[in-house]
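**Student:** Below is the structure I would like to discuss, written out as C-alpha cells.
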Amino acid sequence: MSLRDIPKVELHLHLEGAAPPDFIRGLAAEKRIRLDGIFDADGGYEFRDFAHFLRQYDEACTVLTGPEEFYRLTRAVLAESAFHGVIYTEAFLSPDFCGGGDLSAWRDYLAAIQQAASDAERDDGIVMRGIATAVRHHGRDACRKAARVAAETAGDFLTGFGMAGAELEGRPGDFAYSFDLAKEAGLRLTAHAGEWGDPQRIRETLALGVERLGHGIRAIEDPRLVDDLADRGITLEVCPGSNVVLQAVDNWDVHPIERLRDAGVPVTISTDDPPFFHTTMTAEYENLQRTFGWQEADFRDTNIAAANAAFCDTATRDAIL
Ligand code: ADE
Ligand code: ZN
C-alpha cells in the first residue's frame, strides 16, 4: 500500500492554519483587503521564526470574515486531508477568528463549519470533530471568552477545548479558569505544551487536566516526565514537519518522536498548519519512513493511538479503528 493510501487519523490540525495561500489570496482580492507582506516570491506563506509565523497567521485570518468563508475553508481543507488518506480529523477552531467571543456570531460560524463537515463526510468520506481553541497571545480575557462560547456549544461536533499560540507567554496556571469551565461543560481537553516550553511547563499544563498535549516533544529532556506520560497514557499530538520548519528541533534526524514512542508514550502524527510548513500527511509519513525506517505496522500503531485518544464518542471511534 502506498503511504498516501494508508487510512489516517489526525488529531492536530488548525483549520485556519490549513488555509492554502491561494485561498487566502483569493478572499483578499474578493473583499479588497490588503494583506501586509505575508507571501513570499513563490506565493507561499513567508515567516522568519515562530513569533513572526504567529503574526503572519493572524494577518492571514483577517480575510476570514464570516461563516460563508469558513464553510468554503472547511470544505477545501477536508478535501485535501481526504486526498491524503485522512479518514478522521480533529480541527482546532478559534472563536477569536469566529466572532471574537460573541456567542451568537460563534453559533453561526460553528453551524457553517459543521455543515461543511457533514457535506465533506458525504462527499469525501472524512469525519471531522472540532476543538475550540483559545489563542494564548490574544490574552487571558480572550481565552475566557473562547472557553465560554465553547462551553455553550459543547456537543457531538464540538467535543474539545484547547489552547495554542505563544506558549511562553504567562504560565499555564493563568488559564486554569478557562480549562475548568470547558471541562465542566463536558469538553475534552488538550493544550499546546512542550513545543517551546520546558518540562516544568509541561507539568504545569498537565495540571490543567488535559488528556493530550499538542507537540509535547520537549518532554524528552526529562526521563521522569517521559515515564509519567507513558504511565498516564498522555497522548502526544506530534507534528514533526512543523517542528523542523519552525526549528523547534534542528532536523528530522534528531526529532524525538521515535525515542518517545519507544519509551511507551502514545505518539500520533499530525501536520499542524500544512501549507505554512509545506507538508501533508503523506509527506509526514514519507519523512518518518526516510528518517526512521517506519513501515506500515508503525503507522498502524500511531493511528490506533490516535483513534484511542480521539475526542469523539465510542461508536465513531470504533468505526475508525
Ligand atoms: N497555532 C498554529 N500553529 C501553532 C503552533 N505550531 N504552535 C502554537 N500555536 C499555533
Ligand atoms: Zn498546533
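If you're wondering about the labels, chains in the C-alpha cells are A, B, ... by order shown, residues count from 1 in each chain, ligands from 1 in order shown.
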Within 9 Å of Thr302 of chain A, counting only C-alpha atoms, which residues qualify if same-chain residues fewer than 3 places away don't, as a ChimeraX atom specification?
**Tutor:** /A:8-9,266-269,297-299,305-307
**Student:** For the residues selected in the previous step, produce a file with C-alpha atoms as a PDB file, in the first residue's frame.
**Tutor:**
ATOM      1  CA  LYS A   8      -5.015   8.051   8.774  1.00  0.00           C
ATOM      2  CA  VAL A   9      -6.290   9.640  11.956  1.00  0.00           C
ATOM      3  CA  PRO A 266       1.424   7.198  22.905  1.00  0.00           C
ATOM      4  CA  VAL A 267       2.586   9.264  19.906  1.00  0.00           C
ATOM      5  CA  THR A 268       0.435  10.306  16.971  1.00  0.00           C
ATOM      6  CA  ILE A 269       1.234  12.121  13.714  1.00  0.00           C
ATOM      7  CA  ALA A 297       2.982  -1.518  11.105  1.00  0.00           C
ATOM      8  CA  ASP A 298       4.498   1.589  12.746  1.00  0.00           C
ATOM      9  CA  PHE A 299       1.874   3.800  11.157  1.00  0.00           C
ATOM     10  CA  ALA A 305      -3.067   5.508  19.355  1.00  0.00           C
ATOM     11  CA  ALA A 306      -4.769   8.465  17.662  1.00  0.00           C
ATOM     12  CA  ALA A 307      -8.144   6.713  17.445  1.00  0.00           C
TER      13      ALA A 307
END
**Student:** List as a list in words the protein and nucleic acid residues lying within 8 Å of ligand 1, with only C-alpha atoms and all ligand atoms counted.
**Tutor:**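 Sorted by chain and then by number, the residues are His14, Gly17, Phe50, Leu54, Tyr57, Val135, Met163, Ala164, Gly165, Ala166, Glu167, His192, Glu195, Ser242, Asn243, Leu246, Asp272 and Asp273 of chain A.
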**Student:** With N, CA and C atoms retained, write the just-selected residues as a PDB file, in the first residue's frame.
**Tutor:**
ATOM      1  N   HIS A  14      -4.887  22.889  12.621  1.00  0.00           N
ATOM      2  CA  HIS A  14      -5.545  24.193  12.812  1.00  0.00           C
ATOM      3  C   HIS A  14      -6.316  24.520  11.541  1.00  0.00           C
ATOM      4  N   GLY A  17      -5.033  27.577   9.937  1.00  0.00           N
ATOM      5  CA  GLY A  17      -3.640  27.340   9.533  1.00  0.00           C
ATOM      6  C   GLY A  17      -3.523  26.380   8.361  1.00  0.00           C
ATOM      7  N   PHE A  50       9.150  31.592  14.816  1.00  0.00           N
ATOM      8  CA  PHE A  50       7.833  31.267  15.383  1.00  0.00           C
ATOM      9  C   PHE A  50       7.014  32.530  15.671  1.00  0.00           C
ATOM     10  N   LEU A  54       3.384  33.464  13.944  1.00  0.00           N
ATOM     11  CA  LEU A  54       2.108  33.767  14.632  1.00  0.00           C
ATOM     12  C   LEU A  54       1.515  35.084  14.134  1.00  0.00           C
ATOM     13  N   TYR A  57       0.119  34.510  10.618  1.00  0.00           N
ATOM     14  CA  TYR A  57      -1.079  33.674  10.757  1.00  0.00           C
ATOM     15  C   TYR A  57      -2.274  34.567  11.100  1.00  0.00           C
ATOM     16  N   VAL A 135      -6.374  31.290  21.883  1.00  0.00           N
ATOM     17  CA  VAL A 135      -5.067  31.706  21.360  1.00  0.00           C
ATOM     18  C   VAL A 135      -4.360  32.502  22.461  1.00  0.00           C
ATOM     19  N   MET A 163      -5.718  25.027  23.699  1.00  0.00           N
ATOM     20  CA  MET A 163      -5.057  26.338  23.670  1.00  0.00           C
ATOM     21  C   MET A 163      -3.797  26.246  22.807  1.00  0.00           C
ATOM     22  N   ALA A 164      -3.679  27.230  21.890  1.00  0.00           N
ATOM     23  CA  ALA A 164      -2.494  27.302  21.027  1.00  0.00           C
ATOM     24  C   ALA A 164      -1.850  28.672  21.246  1.00  0.00           C
ATOM     25  N   GLY A 165      -0.969  29.073  20.334  1.00  0.00           N
ATOM     26  CA  GLY A 165      -0.359  30.394  20.429  1.00  0.00           C
ATOM     27  C   GLY A 165       0.986  30.382  21.115  1.00  0.00           C
ATOM     28  N   ALA A 166       1.388  31.567  21.582  1.00  0.00           N
ATOM     29  CA  ALA A 166       2.749  31.749  22.114  1.00  0.00           C
ATOM     30  C   ALA A 166       2.883  31.081  23.484  1.00  0.00           C
ATOM     31  N   GLU A 167       3.468  29.889  23.476  1.00  0.00           N
ATOM     32  CA  GLU A 167       3.483  29.044  24.679  1.00  0.00           C
ATOM     33  C   GLU A 167       4.210  29.673  25.859  1.00  0.00           C
ATOM     34  N   HIS A 192      -1.400  23.037  23.681  1.00  0.00           N
ATOM     35  CA  HIS A 192      -0.029  23.063  23.167  1.00  0.00           C
ATOM     36  C   HIS A 192       0.921  23.230  24.359  1.00  0.00           C
ATOM     37  N   GLU A 195       6.260  22.358  22.999  1.00  0.00           N
ATOM     38  CA  GLU A 195       6.774  22.674  21.656  1.00  0.00           C
ATOM     39  C   GLU A 195       7.981  23.591  21.865  1.00  0.00           C
ATOM     40  N   SER A 242       6.272  20.397  11.167  1.00  0.00           N
ATOM     41  CA  SER A 242       6.130  21.723  11.767  1.00  0.00           C
ATOM     42  C   SER A 242       7.336  22.017  12.655  1.00  0.00           C
ATOM     43  N   ASN A 243       7.724  21.028  13.473  1.00  0.00           N
ATOM     44  CA  ASN A 243       8.852  21.224  14.386  1.00  0.00           C
ATOM     45  C   ASN A 243      10.150  21.522  13.638  1.00  0.00           C
ATOM     46  N   LEU A 246       9.769  25.162  11.906  1.00  0.00           N
ATOM     47  CA  LEU A 246       9.818  26.252  12.898  1.00  0.00           C
ATOM     48  C   LEU A 246      11.085  26.207  13.747  1.00  0.00           C
ATOM     49  N   ASP A 272      -0.344  20.024  11.729  1.00  0.00           N
ATOM     50  CA  ASP A 272      -0.375  21.354  12.364  1.00  0.00           C
ATOM     51  C   ASP A 272      -0.990  22.405  11.427  1.00  0.00           C
ATOM     52  N   ASP A 273      -0.178  22.976  10.542  1.00  0.00           N
ATOM     53  CA  ASP A 273      -0.635  24.014   9.600  1.00  0.00           C
ATOM     54  C   ASP A 273      -0.001  23.707   8.241  1.00  0.00           C
TER      55      ASP A 273
END
**Student:** For the structure I just gave you, how does DSSP split segment 71-156 of chain A - specifically, which residues are alpha helix (DSSP H)? Reply as a PyMOL selection string.
**Tutor:** chain A and resi 71-83+103-124+140-152
**Student:** Would you mind telling me which residue in A:Ala283, A:Leu187, A:Leu64, A:Met128 lies nearest to Thr271 of chain A when using only C-alpha atoms?
**Tutor:**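 Nearest candidate to Thr271 of chain A out of A:Ala283, A:Leu187, A:Leu64, A:Met128: A:Ala283.
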**Student:** Which residues come within 7 Å of segment 73-80 of chain A, counting only C-alpha atoms, excluding same-chain residues fewer than 2 positions away, as a ChimeraX atom specification?
**Tutor:** /A:18-19,69-71,82-84,113,116-117,120,124
**Student:** Generate the output file for the selected residues, N, CA and C atoms, as a compact mmCIF listing (two decimals), in the first residue's frame.
**Tutor:**
# COMPACT_ATOMS: atom_id res chain seq x y z
N ALA A 18 -4.64 25.73 8.02
CA ALA A 18 -4.63 24.81 6.88
C ALA A 18 -5.10 25.50 5.60
N ALA A 19 -5.39 26.80 5.69
CA ALA A 19 -5.88 27.52 4.51
C ALA A 19 -4.76 27.66 3.48
N GLU A 69 -17.21 32.11 4.56
CA GLU A 69 -15.77 31.88 4.32
C GLU A 69 -15.31 30.61 5.03
N PHE A 70 -15.83 30.39 6.24
CA PHE A 70 -15.43 29.19 6.98
C PHE A 70 -16.03 27.93 6.38
N TYR A 71 -17.23 28.05 5.78
CA TYR A 71 -17.78 26.89 5.08
C TYR A 71 -16.82 26.49 3.94
N ALA A 82 -8.61 14.40 2.98
CA ALA A 82 -9.13 13.11 2.49
C ALA A 82 -8.24 12.60 1.35
N PHE A 83 -7.76 13.51 0.50
CA PHE A 83 -6.87 13.11 -0.60
C PHE A 83 -5.62 12.40 -0.07
N HIS A 84 -5.20 12.81 1.13
CA HIS A 84 -4.01 12.20 1.73
C HIS A 84 -4.34 11.04 2.66
N ILE A 113 -19.36 25.62 9.79
CA ILE A 113 -18.26 24.64 9.79
C ILE A 113 -18.83 23.22 9.91
N ALA A 116 -20.29 22.14 6.66
CA ALA A 116 -19.21 21.77 5.73
C ALA A 116 -18.67 20.39 6.08
N ALA A 117 -18.52 20.12 7.38
CA ALA A 117 -18.00 18.81 7.80
C ALA A 117 -18.97 17.70 7.40
N ALA A 120 -18.71 17.18 3.71
CA ALA A 120 -17.45 16.51 3.37
C ALA A 120 -17.50 15.03 3.74
N ASP A 124 -16.56 13.22 0.64
CA ASP A 124 -15.14 12.85 0.67
C ASP A 124 -14.83 11.70 1.62
**Student:** With only C-alpha atoms and all ligand atoms as the basis for distance, which of A:Arg290, A:Arg107, A:His215, A:Arg129 is at the shortest distance from ligand 2?
**Tutor:** A:His215
**Student:** Please indicate the distance in Å from atom CA of Pro172 of chain A to atom CA of Asp49 of chain A, rounded to one decimal place.
**Tutor:**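 Separation of atom CA of Pro172 of chain A and atom CA of Asp49 of chain A: 22.5 Å.
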**Student:** Nearest to Val249 of chain A among A:Ile220, A:Leu225, A:Ile234, A:Ala154, with distances taken over only C-alpha atoms: which residue is it?
**Tutor:** A:Ile220
**Student:** Rank A:Met281, A:Val226, A:Ala146, A:Ile38 by their smallest atom-to-atom distance to Ile6 of chain A, using only C-alpha atoms, and report the top residue only.
**Tutor:**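 Checking each candidate against Ile6 of chain A, we get A:Met281 as the closest.
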**Student:** Give me, please, the distance in Å between atom CA of Phe311 of chain A and atom CA of Thr159 of chain A, quoted to one decimal.
**Tutor:**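 Taking atom CA of Phe311 of chain A and atom CA of Thr159 of chain A, their separation equals 5.9 Å.
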**Student:** When you draw a straight line from atom CA of Gly101 of chain A to atom CA of Thr65 of chain A, how long is it in Å?
**Tutor:** 14.0 Å
**Student:** So which residues of segment 188-273 of chain A fall under strand (DSSP E or B) by DSSP, listed as number ranges by chain?
**Tutor:** A: 188-193, 212-215, 235-238, 267-269, 272
**Student:** Filtering to C-alpha atoms, could you give me those residues as an mmCIF file, in the first residue's frame?
**Tutor:**
data_model
loop_
_atom_site.group_PDB
_atom_site.id
_atom_site.type_symbol
_atom_site.label_atom_id
_atom_site.label_comp_id
_atom_site.auth_asym_id
_atom_site.auth_seq_id
_atom_site.Cartn_x
_atom_site.Cartn_y
_atom_site.Cartn_z
ATOM 1 C CA ARG A 188 -12.295 17.062 26.461
ATOM 2 C CA LEU A 189 -9.034 18.953 26.973
ATOM 3 C CA THR A 190 -5.732 19.360 25.140
ATOM 4 C CA ALA A 191 -3.157 22.159 25.070
ATOM 5 C CA HIS A 192 -0.029 23.063 23.167
ATOM 6 C CA ALA A 193 2.899 22.483 25.519
ATOM 7 C CA ARG A 212 -3.367 15.151 25.405
ATOM 8 C CA LEU A 213 -0.544 17.542 24.616
ATOM 9 C CA GLY A 214 -0.053 19.473 21.407
ATOM 10 C CA HIS A 215 3.550 18.626 20.467
ATOM 11 C CA THR A 235 -1.110 11.147 24.079
ATOM 12 C CA LEU A 236 1.213 13.464 22.177
ATOM 13 C CA GLU A 237 -0.062 15.182 19.034
ATOM 14 C CA VAL A 238 3.331 15.228 17.320
ATOM 15 C CA VAL A 267 2.586 9.264 19.906
ATOM 16 C CA THR A 268 0.435 10.306 16.971
ATOM 17 C CA ILE A 269 1.234 12.121 13.714
ATOM 18 C CA ASP A 272 -0.375 21.354 12.364
#
**Student:** Could you name the residues that touch Ala310 of chain A at 8 Å or less, counting only C-alpha atoms, but leaving out those on the same chain fewer than 4 positions away, as a list in words?
**Tutor:**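 The filter keeps Leu11, Glu90, Ala306 and Arg317 of chain A.
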